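Undergrad: Just one file: data_10.csv, with CSV, C-alpha atoms.
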```
chain,number,residue,atom,x,y,z
A,1,MET,CA,128.6,136.6,65.6
A,2,LEU,CA,129.4,132.9,65.8
A,3,THR,CA,127.8,131.0,68.6
A,4,HIS,CA,130.0,128.5,70.2
A,5,PRO,CA,128.6,125.0,69.2
A,6,GLU,CA,128.8,123.7,72.8
A,7,THR,CA,126.7,126.6,74.1
A,8,SER,CA,124.0,126.3,71.5
A,9,ARG,CA,123.6,122.6,72.1
A,10,GLU,CA,123.3,123.3,75.8
A,11,LYS,CA,120.6,125.9,75.1
A,12,VAL,CA,118.6,123.4,73.0
A,13,GLU,CA,118.9,120.8,75.8
A,14,LEU,CA,117.8,123.3,78.3
A,15,TYR,CA,114.8,124.3,76.1
A,16,GLU,CA,113.8,120.7,75.7
A,17,GLU,CA,114.0,120.1,79.4
A,18,ASN,CA,111.9,123.2,80.2
A,19,LYS,CA,109.3,122.2,77.6
A,20,ASP,CA,109.2,118.7,79.2
A,21,PHE,CA,108.7,120.2,82.6
A,22,GLU,CA,105.9,122.4,81.2
A,23,VAL,CA,104.0,119.5,79.7
A,24,ARG,CA,104.4,117.4,82.9
A,25,SER,CA,103.1,120.2,85.1
A,26,LEU,CA,99.9,120.7,83.1
A,27,ASP,CA,97.0,120.0,85.4
A,28,ALA,CA,99.3,118.5,88.0
A,29,MET,CA,98.8,119.5,91.6
A,30,CYS,CA,102.3,120.7,92.1
A,31,VAL,CA,105.4,120.8,90.0
A,32,ASN,CA,108.1,120.6,92.7
A,33,GLU,CA,110.7,118.0,92.0
A,34,SER,CA,114.2,117.1,92.9
A,35,HIS,CA,116.8,118.3,90.4
A,36,LEU,CA,119.1,115.5,91.4
A,37,GLU,CA,119.4,112.4,89.2
A,38,HIS,CA,119.1,109.1,91.1
A,39,ASN,CA,119.2,105.5,90.1
A,40,TRP,CA,116.3,103.1,90.7
A,41,VAL,CA,117.4,102.1,94.2
A,42,HIS,CA,116.5,105.6,95.4
A,43,ARG,CA,113.0,105.1,94.2
A,44,LEU,CA,112.5,102.1,96.5
A,45,LYS,CA,111.8,104.5,99.3
A,46,TYR,CA,108.6,105.6,97.5
A,47,LEU,CA,107.6,101.9,97.2
A,48,VAL,CA,108.0,101.6,101.0
A,49,VAL,CA,105.9,104.8,101.6
A,50,GLY,CA,103.3,103.3,99.2
A,51,ILE,CA,103.2,100.0,101.1
A,52,LEU,CA,102.5,101.8,104.4
A,53,PHE,CA,99.9,104.0,102.7
A,54,GLY,CA,98.2,100.9,101.2
A,55,ILE,CA,98.1,99.2,104.6
A,56,VAL,CA,96.5,102.3,106.1
A,57,LEU,CA,93.9,102.5,103.3
A,58,VAL,CA,92.8,98.9,104.0
A,59,LYS,CA,93.0,98.9,107.8
A,60,SER,CA,91.1,102.2,108.1
A,61,GLU,CA,88.5,100.8,105.6
A,62,VAL,CA,88.9,103.9,103.5
A,63,ALA,CA,89.3,101.4,100.6
A,64,SER,CA,85.8,100.1,101.3
A,65,TRP,CA,82.9,100.7,98.9
A,66,PHE,CA,80.6,100.6,101.9
A,67,ARG,CA,82.4,103.3,103.9
A,68,VAL,CA,82.2,105.6,100.8
A,69,GLN,CA,78.5,105.0,100.5
A,70,GLU,CA,78.0,105.9,104.2
A,71,MET,CA,80.0,109.1,103.7
A,72,PHE,CA,77.8,110.3,100.8
A,73,ARG,CA,74.7,109.4,102.8
A,74,LEU,CA,75.9,111.2,105.9
A,75,GLN,CA,75.5,107.9,107.8
A,76,SER,CA,78.9,107.8,109.4
A,77,PHE,CA,81.6,110.3,110.6
A,78,HIS,CA,84.4,107.9,109.9
A,79,MET,CA,85.5,109.2,106.4
A,80,TYR,CA,85.1,112.8,107.4
A,81,GLY,CA,87.3,112.1,110.4
A,82,VAL,CA,89.9,110.5,108.3
A,83,ILE,CA,90.0,113.2,105.6
A,84,GLY,CA,89.7,116.0,108.2
A,85,SER,CA,92.5,114.8,110.4
A,86,ALA,CA,94.7,114.0,107.4
A,87,VAL,CA,94.3,117.6,106.1
A,88,LEU,CA,95.0,119.0,109.6
A,89,THR,CA,98.2,116.9,109.9
A,90,GLY,CA,99.3,117.9,106.5
A,91,MET,CA,98.7,121.6,107.1
A,92,ILE,CA,100.7,121.6,110.4
A,93,ALA,CA,103.5,119.6,108.8
A,94,VAL,CA,103.8,121.8,105.8
A,95,TRP,CA,103.7,124.9,108.0
A,96,LEU,CA,106.5,123.4,110.1
A,97,ILE,CA,108.6,122.6,106.9
A,98,LYS,CA,108.3,126.3,105.8
A,99,LYS,CA,108.8,127.7,109.3
A,100,LEU,CA,111.8,125.6,110.2
A,101,ASN,CA,113.1,125.7,106.6
A,102,ILE,CA,113.4,121.9,106.6
A,103,LYS,CA,115.3,120.5,103.6
A,104,THR,CA,115.0,117.2,101.8
A,105,ILE,CA,117.2,114.3,102.9
A,106,TYR,CA,119.5,115.3,100.0
A,107,GLY,CA,119.7,118.8,101.4
A,108,GLU,CA,117.6,120.4,98.7
A,109,LYS,CA,115.2,123.2,99.5
A,110,ILE,CA,111.5,122.1,99.6
A,111,GLU,CA,109.6,124.1,97.1
A,112,ILE,CA,105.8,124.3,97.1
A,113,TYR,CA,104.1,125.8,94.0
A,114,PRO,CA,100.6,127.3,94.1
A,115,LYS,CA,97.8,125.9,92.0
A,116,LYS,CA,96.0,128.1,89.5
A,117,PHE,CA,92.3,128.0,89.3
A,118,ASN,CA,90.6,126.8,86.2
A,119,LYS,CA,87.0,125.6,85.4
A,120,GLY,CA,88.3,122.1,85.2
A,121,GLN,CA,88.3,121.9,88.9
A,122,ILE,CA,84.6,122.4,88.9
A,123,PHE,CA,83.6,120.2,85.9
A,124,GLY,CA,86.2,117.6,86.4
A,125,GLY,CA,85.5,117.6,90.2
A,126,LEU,CA,81.8,116.9,89.7
A,127,LEU,CA,82.6,114.1,87.2
A,128,PHE,CA,85.1,112.5,89.5
A,129,GLY,CA,82.6,112.8,92.4
A,130,LEU,CA,80.0,110.8,90.4
A,131,GLY,CA,82.6,108.2,89.6
A,132,TRP,CA,83.9,108.0,93.2
A,133,ALA,CA,80.4,107.1,94.5
A,134,MET,CA,80.0,104.5,91.7
A,135,THR,CA,83.3,102.7,92.1
A,136,GLY,CA,83.3,103.4,95.8
A,137,ALA,CA,87.0,104.2,95.5
A,138,CYS,CA,89.3,107.0,94.5
A,139,PRO,CA,92.5,106.1,92.7
A,140,GLY,CA,94.5,105.1,95.8
A,141,PRO,CA,91.9,102.6,97.1
A,142,LEU,CA,91.5,101.1,93.6
A,143,TYR,CA,95.2,100.1,93.7
A,144,ALA,CA,94.8,98.8,97.3
A,145,GLN,CA,91.7,96.7,96.3
A,146,VAL,CA,93.7,95.1,93.5
A,147,GLY,CA,96.3,94.2,96.1
A,148,LEU,CA,93.6,92.7,98.3
A,149,GLY,CA,92.9,90.3,95.5
A,150,PHE,CA,89.8,91.7,93.9
A,151,SER,CA,91.1,91.1,90.4
A,152,VAL,CA,88.0,92.6,88.7
A,153,VAL,CA,89.1,96.0,90.1
A,154,LEU,CA,91.8,95.8,87.4
A,155,PHE,CA,89.0,96.4,84.9
A,156,THR,CA,87.9,99.5,86.9
A,157,LEU,CA,91.5,100.7,86.9
A,158,PHE,CA,91.8,100.1,83.2
A,159,SER,CA,88.6,102.1,82.6
A,160,ALA,CA,90.2,104.9,84.7
A,161,VAL,CA,93.3,104.8,82.4
A,162,VAL,CA,91.0,105.0,79.4
A,163,GLY,CA,89.2,108.0,81.0
A,164,THR,CA,92.5,109.8,81.5
A,165,TRP,CA,93.6,109.1,77.9
A,166,VAL,CA,90.3,110.4,76.5
A,167,TYR,CA,90.7,113.5,78.6
A,168,GLY,CA,94.2,114.0,77.2
A,169,LYS,CA,92.9,113.5,73.7
A,170,PHE,CA,90.1,116.1,73.9
A,171,ARG,CA,91.8,118.4,76.4
A,172,ASP,CA,91.9,121.3,74.0
A,173,LYS,CA,88.2,121.2,73.2
A,174,LEU,CA,87.1,121.1,76.9
A,175,PRO,CA,86.4,124.3,78.8
A,176,HIS,CA,89.1,125.2,81.3
B,1,MET,CA,99.4,93.1,120.0
B,2,ILE,CA,98.8,91.8,116.4
B,3,GLU,CA,95.1,91.4,117.4
B,4,THR,CA,94.9,95.2,117.9
B,5,PHE,CA,96.3,95.8,114.4
B,6,LYS,CA,93.7,93.4,112.9
B,7,GLN,CA,90.9,95.5,114.2
B,8,PRO,CA,89.7,98.3,111.9
B,9,TRP,CA,91.8,101.4,112.7
B,10,PRO,CA,89.9,104.4,114.0
B,11,TRP,CA,89.9,107.6,112.0
B,12,TYR,CA,92.1,109.5,114.5
B,13,VAL,CA,94.9,106.9,113.8
B,14,ALA,CA,94.4,106.6,110.0
B,15,GLY,CA,93.9,110.3,109.2
B,16,PRO,CA,97.2,111.5,110.7
B,17,LEU,CA,99.0,108.7,109.1
B,18,ILE,CA,97.6,109.6,105.7
B,19,GLY,CA,98.3,113.3,106.3
B,20,ALA,CA,101.9,112.4,107.2
B,21,THR,CA,102.4,111.1,103.7
B,22,VAL,CA,102.5,114.8,102.5
B,23,PRO,CA,105.6,115.9,104.5
B,24,LEU,CA,107.2,112.5,104.2
B,25,LEU,CA,107.2,112.6,100.3
B,26,LEU,CA,108.4,116.2,100.4
B,27,ILE,CA,111.3,115.4,102.7
B,28,LEU,CA,112.3,112.2,100.9
B,29,GLY,CA,112.7,114.0,97.6
B,30,ASN,CA,110.5,117.1,96.9
B,31,LYS,CA,107.6,114.9,95.7
B,32,SER,CA,104.1,116.1,96.0
B,33,PHE,CA,101.6,113.4,97.1
B,34,GLY,CA,99.1,112.6,94.4
B,35,ILE,CA,97.8,109.3,93.0
B,36,SER,CA,95.7,110.0,89.9
B,37,SER,CA,98.9,111.3,88.1
B,38,SER,CA,100.0,107.7,87.9
B,39,LEU,CA,97.1,107.1,85.5
B,40,ARG,CA,98.5,109.8,83.2
B,41,HIS,CA,102.0,108.4,83.4
B,42,ILE,CA,100.6,105.0,82.4
B,43,CYS,CA,99.0,106.7,79.4
B,44,ALA,CA,102.3,108.5,78.6
B,45,ALA,CA,104.3,105.2,78.9
B,46,CYS,CA,101.9,102.9,77.1
B,47,ALA,CA,99.8,104.9,74.6
B,48,PRO,CA,101.1,108.5,74.1
B,49,ALA,CA,99.6,108.5,70.6
B,50,ASN,CA,101.3,111.8,69.8
B,51,ILE,CA,98.9,113.6,72.1
B,52,SER,CA,100.8,116.6,73.5
B,53,PHE,CA,99.4,116.0,77.0
B,54,PHE,CA,101.2,112.6,77.1
B,55,ARG,CA,104.4,113.7,75.4
B,56,TYR,CA,106.7,114.2,78.3
B,57,ASN,CA,109.5,112.3,79.9
B,58,TRP,CA,107.4,110.0,82.1
B,59,LYS,CA,110.5,108.3,83.4
B,60,LYS,CA,111.1,111.5,85.5
B,61,GLU,CA,107.8,110.6,87.3
B,62,LEU,CA,108.7,107.0,87.9
B,63,TRP,CA,108.7,107.6,91.6
B,64,ASN,CA,104.9,107.9,91.4
B,65,LEU,CA,104.6,104.5,89.7
B,66,TYR,CA,106.8,103.0,92.5
B,67,PHE,CA,104.5,104.6,95.0
B,68,VAL,CA,101.3,103.1,93.5
B,69,ALA,CA,103.0,99.7,93.1
B,70,GLY,CA,103.6,100.0,96.9
B,71,VAL,CA,99.9,100.7,97.5
B,72,VAL,CA,99.1,97.4,95.7
B,73,VAL,CA,101.7,95.5,97.8
B,74,GLY,CA,100.4,97.3,101.0
B,75,GLY,CA,96.8,96.1,100.1
B,76,PHE,CA,98.1,92.6,99.6
B,77,LEU,CA,100.0,92.6,102.9
B,78,ALA,CA,97.1,94.1,104.9
B,79,GLY,CA,94.7,91.5,103.4
B,80,LYS,CA,97.1,88.6,104.0
B,81,PHE,CA,98.4,89.3,107.5
B,82,LEU,CA,96.2,92.0,109.1
B,83,SER,CA,92.7,91.2,107.8
B,84,ASN,CA,89.8,91.7,110.1
B,85,PRO,CA,87.9,88.4,110.5
B,86,TYR,CA,84.6,90.1,111.2
B,87,ALA,CA,82.1,91.6,108.8
B,88,ILE,CA,82.3,95.3,108.3
B,89,ASP,CA,80.2,97.2,110.8
B,90,LEU,CA,77.8,99.4,108.9
B,91,ASN,CA,75.0,101.9,109.5
B,92,PRO,CA,71.8,99.8,109.7
B,93,SER,CA,70.0,102.1,107.2
B,94,LEU,CA,72.7,101.4,104.6
B,95,VAL,CA,72.4,97.7,105.3
B,96,SER,CA,68.6,97.8,104.8
B,97,GLU,CA,68.9,100.0,101.7
B,98,LEU,CA,71.4,97.6,100.1
B,99,ALA,CA,69.3,94.6,101.0
B,100,GLN,CA,66.6,95.9,98.6
B,101,TYR,CA,69.0,95.4,95.8
B,102,GLY,CA,70.0,91.9,96.9
B,103,ILE,CA,73.3,93.0,98.4
B,104,ASN,CA,73.7,91.2,101.8
B,105,ASP,CA,77.3,90.0,101.8
B,106,PHE,CA,79.4,92.3,104.0
B,107,SER,CA,82.3,89.9,104.6
B,108,GLN,CA,84.6,91.9,102.3
B,109,LEU,CA,85.6,95.5,102.0
B,110,ILE,CA,83.7,95.7,98.7
B,111,PRO,CA,80.3,94.2,97.9
B,112,ILE,CA,81.5,91.1,96.0
B,113,GLN,CA,78.0,90.5,94.7
B,114,LEU,CA,78.4,93.7,92.6
B,115,PHE,CA,82.1,93.6,91.9
B,116,ASN,CA,83.0,90.4,90.2
B,117,TRP,CA,84.0,89.3,86.6
B,118,LYS,CA,80.6,87.8,85.9
B,119,SER,CA,78.7,90.9,86.8
B,120,LEU,CA,80.7,92.9,84.3
B,121,LEU,CA,78.4,91.3,81.7
B,122,SER,CA,75.3,92.9,83.4
B,123,TRP,CA,74.4,96.5,82.9
B,124,ARG,CA,74.7,97.1,86.7
B,125,GLY,CA,78.2,95.8,87.0
B,126,PHE,CA,79.4,97.3,83.7
B,127,LEU,CA,78.1,100.8,84.6
B,128,LEU,CA,79.7,100.7,88.1
B,129,MET,CA,83.1,99.4,87.0
B,130,GLY,CA,83.4,100.6,83.4
B,131,ALA,CA,81.6,103.9,83.4
B,132,GLY,CA,82.5,104.6,87.1
B,133,GLY,CA,86.2,103.9,86.4
B,134,PHE,CA,86.1,106.1,83.3
B,135,LEU,CA,84.6,109.0,85.3
B,136,VAL,CA,87.3,108.6,87.9
B,137,GLY,CA,90.1,108.7,85.3
B,138,PHE,CA,88.5,111.5,83.2
B,139,GLY,CA,87.3,113.6,86.1
B,140,THR,CA,90.5,113.5,88.2
B,141,ARG,CA,92.7,114.6,85.3
B,142,TYR,CA,90.2,117.2,84.2
B,143,ALA,CA,90.1,118.5,87.8
B,144,GLY,CA,93.9,118.2,88.1
B,145,GLY,CA,94.0,115.8,91.0
B,146,CYS,CA,92.0,113.4,93.1
B,147,THR,CA,91.4,113.1,96.8
B,148,SER,CA,95.1,112.8,97.5
B,149,GLY,CA,96.3,115.6,95.2
B,150,HIS,CA,93.6,118.1,95.9
B,151,SER,CA,91.8,117.2,99.1
B,152,ILE,CA,94.9,116.2,101.1
B,153,THR,CA,97.9,117.9,99.5
B,154,GLY,CA,96.1,120.9,98.1
B,155,LEU,CA,94.3,121.7,101.3
B,156,SER,CA,97.5,121.1,103.3
B,157,ILE,CA,99.2,123.8,101.3
B,158,LEU,CA,96.2,126.1,101.6
B,159,GLN,CA,95.2,126.2,97.9
B,160,TRP,CA,91.7,127.5,97.4
B,161,PRO,CA,91.3,125.9,93.9
B,162,SER,CA,91.8,122.6,95.7
B,163,LEU,CA,89.0,123.5,98.1
B,164,ILE,CA,86.7,124.2,95.2
B,165,ALA,CA,87.7,120.8,93.6
B,166,THR,CA,87.0,119.0,96.9
B,167,ILE,CA,83.6,120.6,97.3
B,168,CYS,CA,82.8,119.5,93.7
B,169,PHE,CA,84.0,116.0,94.5
B,170,MET,CA,81.5,115.9,97.4
B,171,ILE,CA,78.6,117.4,95.4
B,172,GLY,CA,79.2,114.8,92.6
B,173,GLY,CA,79.3,112.0,95.1
B,174,PHE,CA,76.2,113.1,96.9
B,175,ILE,CA,74.2,113.3,93.7
B,176,MET,CA,75.4,109.9,92.5
B,177,ALA,CA,74.9,108.1,95.8
B,178,ASN,CA,71.5,109.5,96.7
B,179,PHE,CA,69.8,110.0,93.3
B,180,ILE,CA,71.5,108.1,90.5
B,181,LEU,CA,73.0,105.0,92.2
B,182,PRO,CA,69.6,103.7,93.4
B,183,LEU,CA,68.6,103.5,89.7
B,184,ILE,CA,71.8,101.7,88.7
B,185,LEU,CA,71.5,99.3,91.5
B,186,SER,CA,67.9,98.5,90.5
B,187,LEU,CA,69.0,97.4,87.0
```
Could I get this structure in the form of structure tokens?

TA:
Amino acid sequence: MLTHPETSREKVELYEENKDFEVRSLDAMCVNESHLEHNWVHRLKYLVVGILFGIVLVKSEVASWFRVQEMFRLQSFHMYGVIGSAVLTGMIAVWLIKKLNIKTIYGEKIEIYPKKFNKGQIFGGLLFGLGWAMTGACPGPLYAQVGLGFSVVLFTLFSAVVGTWVYGKFRDKLPH
Amino acid sequence: MIETFKQPWPWYVAGPLIGATVPLLLILGNKSFGISSSLRHICAACAPANISFFRYNWKKELWNLYFVAGVVVGGFLAGKFLSNPYAIDLNPSLVSELAQYGINDFSQLIPIQLFNWKSLLSWRGFLLMGAGGFLVGFGTRYAGGCTSGHSITGLSILQWPSLIATICFMIGGFIMANFILPLILSL
């Protein structure tokens, strides 16, 4: 039986797209995404959310090396309060989104995918914890510190990119 | 009014605002809040080196790079227009502990005596920024997320693997801050 050339090309494209989605979703927290194509102007809204987030990180002193040290020495409630109330807010909001079947601003259904357990969450989690207490910043605050004008944090950020790259390189050899 | 904004924001203001990022990004375009992924997209964009983990269409994740660019801008704006003129108010036992290592400048959000270009040439500075940064990048990707992806987003959507990851973040941090960091700071 002859396959229609158009159909087979579509199949190849679909396969490529699925494969791409598969690779991108490796070790990602969630794989939900919009299926709509947008130009760059639509992405500016994420820039705005990022700006607000960056301001909060600085003003709440979450982006402070000192506050992180206090947290890991149980010397202050501040960081626990921030993380705890952030999680509680997120939980209630996600519950409401599901309950009220809230759609995106483009009318798409909001999809939330579960996360599978693997040993990386233990080994990687411990390694990240060590790094967090050294740099006194998780990735978000690193970006905010660069914005604050601490240019040397660019080196920390560069080291983090190198760390990510090395993980990607040796991913197959690591226990998961 | 502006004076109130310049004060450090209490946890019960900052926490809900950070938590609100999760539904906001979902409603704006089905995006799940996570920051460490941006490091992976940078690898995919700049040095994929034929590694399958980095061979994907990173342009589909551009929104994430816009978001982190926003965080840089937000940090700049907060520092420029909303900065707190007073030194950070710390627990006295942390102040005296850090004094042992010659850290007594609390005027900035980070100890500028540790984090500066010159200190990169010392073991202490190089370990904190070079090795520390490496562990942040390697560990977050190995764990599949950082504080935002696992601790905030993952716990918000009730994922138990994220709870395990968060507990491990805290264990790692406790070990470093209490047992290893004192050795590094003494260098």

Undergrad: Of the candidates B:His41, B:Leu82, B:Asp89, B:Val22, which shows the shortest atom-to-atom distance to B:Tyr66, using only C-alpha atoms?

TA: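 Of B:His41, B:Leu82, B:Asp89, B:Val22, the one nearest B:Tyr66, counting only C-alpha atoms, is B:His41.
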
Undergrad: Which of these residues is nearest to B:Ser186, using only C-alpha atoms: B:Pro161, B:Ser122, B:Tyr142, B:Thr166?

TA: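 When distances to B:Ser186 are compared using only C-alpha atoms, the smallest one comes from B:Ser122.
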
Undergrad: Please provide as a list in words all residues within 9 Å of B:Arg40, with the sequence filter that same-chain residues fewer than 3 positions apart are discarded (counting only C-alpha atoms).

TA: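 Close residues of B:Arg40: Val161, Thr164, Trp165 and Gly168 of chain A; Ser36, Ser37, Cys43, Ala44, Ala45, Phe53, Phe54, Trp58, Gly137 and Arg141 of chain B.
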
Undergrad: Go ahead and save the residues from that selection, with C-alpha atoms, as a PDB file, in the frame of the given file.

TA:
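Result went into part37.pdb, see below:
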```pdb
ATOM      1  CA  VAL A 161      93.300 104.800  82.400  1.00  0.00           C
ATOM      2  CA  THR A 164      92.500 109.800  81.500  1.00  0.00           C
ATOM      3  CA  TRP A 165      93.600 109.100  77.900  1.00  0.00           C
ATOM      4  CA  GLY A 168      94.200 114.000  77.200  1.00  0.00           C
TER       5      GLY A 168
ATOM      6  CA  SER B  36      95.700 110.000  89.900  1.00  0.00           C
ATOM      7  CA  SER B  37      98.900 111.300  88.100  1.00  0.00           C
ATOM      8  CA  CYS B  43      99.000 106.700  79.400  1.00  0.00           C
ATOM      9  CA  ALA B  44     102.300 108.500  78.600  1.00  0.00           C
ATOM     10  CA  ALA B  45     104.300 105.200  78.900  1.00  0.00           C
ATOM     11  CA  PHE B  53      99.400 116.000  77.000  1.00  0.00           C
ATOM     12  CA  PHE B  54     101.200 112.600  77.100  1.00  0.00           C
ATOM     13  CA  TRP B  58     107.400 110.000  82.100  1.00  0.00           C
ATOM     14  CA  GLY B 137      90.100 108.700  85.300  1.00  0.00           C
ATOM     15  CA  ARG B 141      92.700 114.600  85.300  1.00  0.00           C
TER      16      ARG B 141
END
```

Undergrad: Would you mind telling me which residue in A:Gly136, A:Gly107, A:Pro141, A:Gly90 lies nearest to chain B when using all atoms listed in the file?

TA: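 Ranking A:Gly136, A:Gly107, A:Pro141, A:Gly90 by distance to chain B, first place goes to A:Gly90.
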
Undergrad: So the first atom is atom CA of B:Gly15 and the second is atom CA of B:Met129; what is the distance between them in Å, to one decimal place?

TA: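 Rounded to one decimal, the two atoms are 27.0 Å apart.
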
Undergrad: When you count all atoms listed in the file, which of these residues is closest to A:Arg67: B:Asn50, B:Gln113, B:Thr147, B:Asn91?

TA: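 Going through B:Asn50, B:Gln113, B:Thr147, B:Asn91 one by one, the smallest distance to A:Arg67 is for B:Asn91.
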
Undergrad: Separation of atom CA of B:Tyr56 and atom CA of A:Asn18, in Å?

TA: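 We find that atom CA of B:Tyr56 and atom CA of A:Asn18 lie 10.6 Å from each other.
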
Undergrad: Find the residues with any atom within 8 Å of (89.7, 96.5, 109.3); use all atoms listed in the file and the coordinates as given in the file, and write the answer as a ChimeraX atom specification.

TA: /A:58-61 /B:6-9,82-84,88

Undergrad: For B:Phe126, list every protein, DNA or RNA residue within 10 Å, evaluated using all atoms listed in the file, and leave out those in the same chain fewer than 6 positions away; present the list as an MDAnalysis selection string.

TA: (chainID A and resid 155:156) or (chainID B and resid 114:115 117:120 132:133)

Undergrad: Please compute the atom CA of B:Ala69-atom CA of A:Ala137 distance, one decimal, in Å.

TA: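 Distance reported for this atom pair: 16.8 Å.
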
Undergrad: Counting all atoms listed in the file, figure out which residue out of A:Val49, A:Ile97, A:Val87, A:Cys138 gets nearest to B:Gly19.

TA: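 Checking each candidate against B:Gly19, we get A:Val87 as the closest.
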